[in-house]
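Worksheet for the structure shown next.
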Amino acid sequence: MTTFTETEERQELRRQVARLAKGYGRDWFVERARSGEKTTELWMEIAKAGYLGVNIPEEYGGGGGGIGDVAAVCEELAAQGCPLLMMVVSPAICGTVIARYGTPEQKQRWLPGICDGTATMAFAITEPDAGTNSHNITTTARRDGDEWVLKGQKIYISGVDEAENVLVVARAEDERTGKLKPCLFVVPTDADGFEFTAIPMEIVSPEKQFQVFIDDVRLRSDALVGDEDGGLVQLFAGLNPERIMAASFSTGLARHALEKASAYAKERTVFKTPIGSHQAIAHPLATAHIENELARLMTQKASAMVDAGDDMAAGEAANMAKYAAAEAAVHAVDAAVQTHGGNGITQEYGMAGLLVAARAGRIAPVSREMILNFVAMHSLGLPKSY
Ligand SMILES: Cc1cc2nc3c(=O)[nH]c(=O)nc-3n(C[C@H](O)[C@H](O)[C@H](O)COP(=O)(O)OP(=O)(O)OC[C@H]3O[C@@H](n4cnc5c(N)ncnc54)[C@H](O)[C@@H]3O)c2cc1C
């Protein structure tokens, strides 16, 4: 049966996560961000409640649910003003790739720690020179006896300081052809030769981005996840979850901004009636709410397709969801700032502090332009421009 609403179980999951996150709230989150502290208590509490690894198979400490479940958790946290970016990365990207392509031994080694919050895994593909063009990455892996030796550089890698390991996309030399092919390696953050420095960012978030230097890092042969020849396919397994989670992060932020702005617009009166009765204030909020509900619907569609095993079809929906959610969040936050007038720029009301986080949704993990390229080519059959 086709259904356009979520199951009662999923809705209950949302209610529970919202209740838990409300106990922390936006002020707590911002205070942590501004003082340079972490949000570890919240991370550990959602892990303990079983929400962090809700998408990971039960035999490895997870909840046995789907990407739609972990996306719901991500969205509800953001809607309470406590977005956790590492949820996009650790359980959704890394967890999915390892659960699907790791050996039983690798799953046993890494997945339980991802689920219980003690061994967060970051994800590193972006490089300073390659940027969006990840075919051009130059981090290389060469075999040396039983070991792999990794060398390269990564940039904008989230949460390295909070992670035990990083799933690094590198290129290994094909023994027969000499060609470099993408491969995935799990690299411990305390490995010799692995260094990272924080990049000062304008986002109000306790989770930071890092430049990563990988200087002849030696890894056991089983640090390679999955098949040496299947790197690209394996990498793709993480892309739909990544887009769906990024979309949920944005739709949650949009809900947070719209809720605050609506409450403010009902209270604040400067002429005869509350400012929310002026269409100039009400309509942008209503427009953003519509955009956000459409983005949520597409996100849920993409999740349902991934969870039904239809990765190919899900690709289009996941990209569209990510695009629509980022746009909705940018519009929602902008309207929320405007609704608050001068208060919109104060730290006390916290609206302007959402601007950069919402704006980042248009850039990462995949830019708006690359999604438009994808849709132009794959949905509309237009020629490739690059
Ligand atoms: C907050 C944040 C967190 C991040 N976390 C991670 C992480 O954990 N791990 C990780 O690996 N990466 C991470 N990134 C990196 C992110 O994925 C990249 O910033 C993003 O993919 C864009 O790459 P770039 O910054 O090199 O931009 P560039 O590739 O330099 O692109 C610059 C601009 O040109 C446009 N452009 C490029 N090529 C084309 C084209 N063919 N057609 C049209 N437009 C084009 C882009 O859309 C963009 O607007 C993060 C980034 C941010 C901002």
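Following the order of the structure tokens, chains are lettered A, B, ..., residues in each are numbered from 1, and ligands are numbered from 1.
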Which chain A residues have any atom within 8 Å of an atom of ligand 1, and for each, what is the nearest pair of atoms with distance in Å to one decimal, counting only C-alpha atoms and all ligand atoms, rows sorted by chain and number, as CSV?
```
residue,atom,partner,partner_atom_place_in_ligand_line,distance
A:Met86,CA,ligand 1,8 (O),7.9
A:Val89,CA,ligand 1,8 (O),6.6
A:Ala122,CA,ligand 1,8 (O),6.3
A:Phe123,CA,ligand 1,9 (N),5.0
A:Ala124,CA,ligand 1,11 (O),3.8
A:Ile125,CA,ligand 1,11 (O),3.7
A:Thr126,CA,ligand 1,11 (O),3.9
A:Glu127,CA,ligand 1,26 (O),6.9
A:Pro128,CA,ligand 1,26 (O),6.3
A:Asp129,CA,ligand 1,26 (O),7.3
A:Ala130,CA,ligand 1,26 (O),6.7
A:Gly131,CA,ligand 1,26 (O),3.0
A:Thr132,CA,ligand 1,29 (O),3.5
A:Asn133,CA,ligand 1,29 (O),6.3
A:Lys154,CA,ligand 1,11 (O),7.2
A:Ile155,CA,ligand 1,12 (N),6.6
A:Tyr156,CA,ligand 1,14 (N),4.6
A:Ile157,CA,ligand 1,7 (C),3.8
A:Ser158,CA,ligand 1,8 (O),3.8
A:Gly159,CA,ligand 1,8 (O),7.0
A:Met201,CA,ligand 1,1 (C),8.0
A:Ile203,CA,ligand 1,1 (C),7.4
A:Lys208,CA,ligand 1,1 (C),7.9
A:Gln209,CA,ligand 1,3 (C),6.1
A:Ala357,CA,ligand 1,1 (C),7.4
A:Ala360,CA,ligand 1,53 (C),5.4
A:Gly361,CA,ligand 1,53 (C),7.8
A:Ile363,CA,ligand 1,20 (C),5.6
A:Ala364,CA,ligand 1,16 (C),4.4
A:Pro365,CA,ligand 1,17 (O),3.8
A:Val366,CA,ligand 1,21 (O),4.7
A:Ser367,CA,ligand 1,47 (O),4.6
A:Arg368,CA,ligand 1,47 (O),6.0
A:Glu369,CA,ligand 1,47 (O),4.4
A:Met370,CA,ligand 1,47 (O),5.6
A:Asn373,CA,ligand 1,42 (N),6.5
A:Ser385,CA,ligand 1,41 (N),6.8
A:Tyr386,CA,ligand 1,41 (N),5.0
```
Close residues, Ala99 in chain A itself excluded, 12 Å, only C-alpha atoms, min 2 positions apart in chain, as a ChimeraX atom specification: /A:53,55-62,64,66,90-97,101-112,114-115,225-226,234,237-238
Among range 25-225 of chain A, which residues does DSSP mark as helix (DSSP H, G or I) when it is run on the backbone? Keep the chain and numbering as in the structure and answer as an MDAnalysis selection string. chainID A and resid 25:35 40:48 58:60 67:79 86:101 104:116 134:136 160:162 221:223
Show me, as a VMD selection string, the residues that have an atom within 6 Å of range 136-149 of chain A when counting only C-alpha atoms, minus same-chain residues fewer than 5 positions from it. chain A and resid 130 170 to 172 216 to 221
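On the backbone of this structure, DSSP gives strand (DSSP E) within range 188-302 of chain A to A:Pro188, A:Phe194, A:Glu195, A:Phe196, A:Thr197, A:Ala198, A:Ile199, A:Gln209, A:Phe210, A:Gln211, A:Val212, A:Phe213, A:Ile214, A:Asp215, A:Asp216, A:Val217, A:Arg218, A:Leu219, A:Arg220, A:Leu224, A:Val225.
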Those residues with C-alpha atoms, as a PDB file, in the first residue's frame please?
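Writing the result to part28.pdb gives the following:
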```pdb
ATOM      1  CA  PRO A 188      42.798   5.398  13.733  1.00  0.00           C
ATOM      2  CA  PHE A 194      48.167  11.197  11.236  1.00  0.00           C
ATOM      3  CA  GLU A 195      47.871  14.887  12.173  1.00  0.00           C
ATOM      4  CA  PHE A 196      44.984  17.340  12.112  1.00  0.00           C
ATOM      5  CA  THR A 197      44.435  21.033  12.762  1.00  0.00           C
ATOM      6  CA  ALA A 198      41.152  22.857  13.251  1.00  0.00           C
ATOM      7  CA  ILE A 199      39.969  25.249  10.536  1.00  0.00           C
ATOM      8  CA  GLN A 209      36.162  20.975  10.707  1.00  0.00           C
ATOM      9  CA  PHE A 210      39.812  19.978  10.266  1.00  0.00           C
ATOM     10  CA  GLN A 211      42.618  19.868   7.831  1.00  0.00           C
ATOM     11  CA  VAL A 212      44.129  16.385   7.939  1.00  0.00           C
ATOM     12  CA  PHE A 213      47.697  15.410   7.085  1.00  0.00           C
ATOM     13  CA  ILE A 214      48.389  11.760   6.392  1.00  0.00           C
ATOM     14  CA  ASP A 215      52.121  11.202   6.281  1.00  0.00           C
ATOM     15  CA  ASP A 216      53.073   7.598   5.577  1.00  0.00           C
ATOM     16  CA  VAL A 217      50.500   6.207   7.974  1.00  0.00           C
ATOM     17  CA  ARG A 218      50.950   2.443   8.303  1.00  0.00           C
ATOM     18  CA  LEU A 219      47.822   0.323   8.478  1.00  0.00           C
ATOM     19  CA  ARG A 220      47.130  -3.370   8.919  1.00  0.00           C
ATOM     20  CA  LEU A 224      40.844  -1.781   3.819  1.00  0.00           C
ATOM     21  CA  VAL A 225      37.040  -1.918   3.893  1.00  0.00           C
TER      22      VAL A 225
END
```
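Between CA of His331 in chain A and CA of Glu316 in chain A the separation is 22.7 Å.
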Excluding range 323-327 of chain A and residues on its chain fewer than 5 positions from it, collect all residues at most 6 Å away from it, counting only C-alpha atoms, and give them as a ChimeraX atom specification. /A:247,250-251,295,361-362
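Residue nearest Val88 in chain A within the list A:Pro241, A:Gly342, A:Gly152, A:Gly178: A:Pro241 [criterion: smallest interatomic distance, only C-alpha atoms].
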